[in-house]
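K.L.:
Quick one: this structure, given as structure tokens, is what I'll be asking you about.
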Amino acid sequence: MVRGAEREQAILAATVELLGEIGYAAMTMDAVAARAQASKATIYRRWPGKPALVKATMDAHDAAYVAEIPDTGTVRDDLIAALVALTAQVDDHYVTMMTGLMHAMRVDTELGDALRAHVADEDLGPFRTIVDRAVARGELPEGTATELAHQVSEGQIMRRMFLGEPLDRAFLTDLVDELLLPILTRTFPKEDR
């Protein structure tokens with residue numbers, strides 16, 4: 001079974017490499033098989049097509065990232081550390097992969113459904129892990145919702161990426177202090193409506 005797990009990791013690694021090098025549209029199952037030194041039959045036994053393979057690749061990538069989130073002892077520092085680790089991945093390879101996927105999901109319904117399911121999975125983002133730790137430490141109340149913080153952080157990071165602005169520590173610290181902590185703690189002033 002170890003061989004199967006190694007083969008799966010090789011296929012997922014080949015997929016993410018190819019997505020970052022040539023994009024979704026140009027990536028073929030033949031190219032993945034060649035890069036992973038696996039047969040197409042092996043790939044198709046596990047994943048019925050490119051959309052399922054890409055979703056599995058993104059799921060595995062994000063699950064590995066979440067597993068590495070350090071426990072710094074405070075919700076603020078956990079958030080900053082998680083976002084620093086996340087944005088450290090943003091290079092030309094990552095941008096090519098993400099922009100290719102965003103375009104492809106607009107024309108490929110199956111890919112669109114697969115990626116929307118990936119993005120909507122709160123367990124694949126850092127916030128649930130961080131909030132669970134903060135609740136256990138007594139920093140946040142039980143039942144603290146993570147979805148809005150997740151959405152806001154992704155939106156702010158994507159905006160800076162598109163504008164070509166740096167994803168530096170100063171930006172991430174402001175994002176945490178000015179937006180994410182108020183969202184998680186609900187300490188922002190409520191407007192009269």
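Identifiers in this document derive from the order of the structure tokens: chains are assigned A, B, ..., residues are numbered from 1 separately in each chain, and ligands are numbered from 1 in order of occurrence.
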Just the residues within 7 Å of range 133-141 of chain A, please, counting only C-alpha atoms, with nothing from its chain fewer than 3 positions along; format it as an MDAnalysis selection string.
P.N.:
chainID A and resid 74:75 129:130 144 185
K.L.:
Okay, now the selection with C-alpha atoms, as a compact mmCIF listing (two decimals), in the first residue's frame?
P.N.:
```
# COMPACT_ATOMS: atom_id res chain seq x y z
CA THR A 74 -2.17 33.21 20.19
CA VAL A 75 -4.86 33.54 17.55
CA THR A 129 -7.64 24.91 12.73
CA ILE A 130 -6.65 28.32 14.09
CA THR A 144 -16.85 31.18 16.24
CA THR A 185 -14.13 38.42 17.57
```
K.L.:
Find the residues around Val90 in chain A up to 12 Å (only C-alpha atoms counted), leave out those fewer than 3 positions away in its own chain, and share them as number ranges by chain.
P.N.:
A: 20, 83-87, 93-99, 157-158, 160-162, 164-168
K.L.:
Show me, as a tab-separated table, the residues of range 67-164 of chain A having an atom within 12 Å of range 27-33 of chain A, each with the closest atom pair and its distance in Å, using only C-alpha atoms.
P.N.:
```
residue	atom	partner	partner_atom	distance
A:Met97	CA	A:Met27	CA	10.8
A:Gly100	CA	A:Met27	CA	10.5
A:Leu101	CA	A:Met27	CA	11.1
A:Ala104	CA	A:Met27	CA	11.4
```
K.L.:
Could you jot down the CA of Asp77 in chain A to CA of Ala63 in chain A separation for me, Å, one decimal place?
P.N.:
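CA of Ala63 in chain A lies 20.1 Å from CA of Asp77 in chain A.
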K.L.:
What lies within 9 Å of Ala81 in chain A using only C-alpha atoms, ignoring chain neighbours under 5 positions off, as a compact mmCIF listing (two decimals) with N, CA, C and O atoms, in the first residue's frame?
P.N.:
```txt
# COMPACT_ATOMS: atom_id res chain seq x y z
N ILE A 69 0.42 24.39 9.82
CA ILE A 69 0.18 25.67 10.50
C ILE A 69 0.75 25.60 11.91
O ILE A 69 0.36 24.74 12.70
N PRO A 70 1.67 26.51 12.23
CA PRO A 70 2.26 26.46 13.57
C PRO A 70 1.28 26.92 14.64
O PRO A 70 0.42 27.75 14.39
N ASP A 71 1.45 26.35 15.82
CA ASP A 71 0.68 26.78 16.98
C ASP A 71 1.57 27.73 17.77
O ASP A 71 2.47 27.31 18.49
N THR A 72 1.34 29.04 17.59
CA THR A 72 2.20 30.05 18.21
C THR A 72 1.77 30.40 19.62
O THR A 72 2.50 31.05 20.34
N ARG A 76 -3.83 35.69 17.04
CA ARG A 76 -3.23 36.69 16.15
C ARG A 76 -1.98 36.16 15.48
O ARG A 76 -1.82 36.24 14.27
N LEU A 86 1.19 30.88 3.60
CA LEU A 86 0.36 30.82 2.40
C LEU A 86 0.93 31.71 1.30
O LEU A 86 1.10 31.27 0.16
```
K.L.:
Would you kindly return, as a ChimeraX atom specification, each protein, DNA or RNA residue with an atom no farther than 9 Å from any atom of Ser153 in chain A, considering only C-alpha atoms and excluding same-chain residues fewer than 6 positions away?
P.N.:
/A:83,175-176,179-180
K.L.:
Using only C-alpha atoms, which residue out of A:Ile183, A:Asp177, A:Asp62, A:Phe171 lies closest to Val152 in chain A?
P.N.:
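Nearest to Val152 in chain A: A:Ile183.
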K.L.:
Hey, what does DSSP flag as helix (DSSP H, G or I) within range 13-114 of chain A? Can you give it to me as a PyMOL selection string?
P.N.:
chain A and resi 13-26+29-36+40-46+50-67+75-88+92-107+109-114
K.L.:
So the first atom is CA of Ala64 in chain A and the second is CA of Glu178 in chain A; what is the distance between them in Å, to one decimal place?
P.N.:
27.7 Å
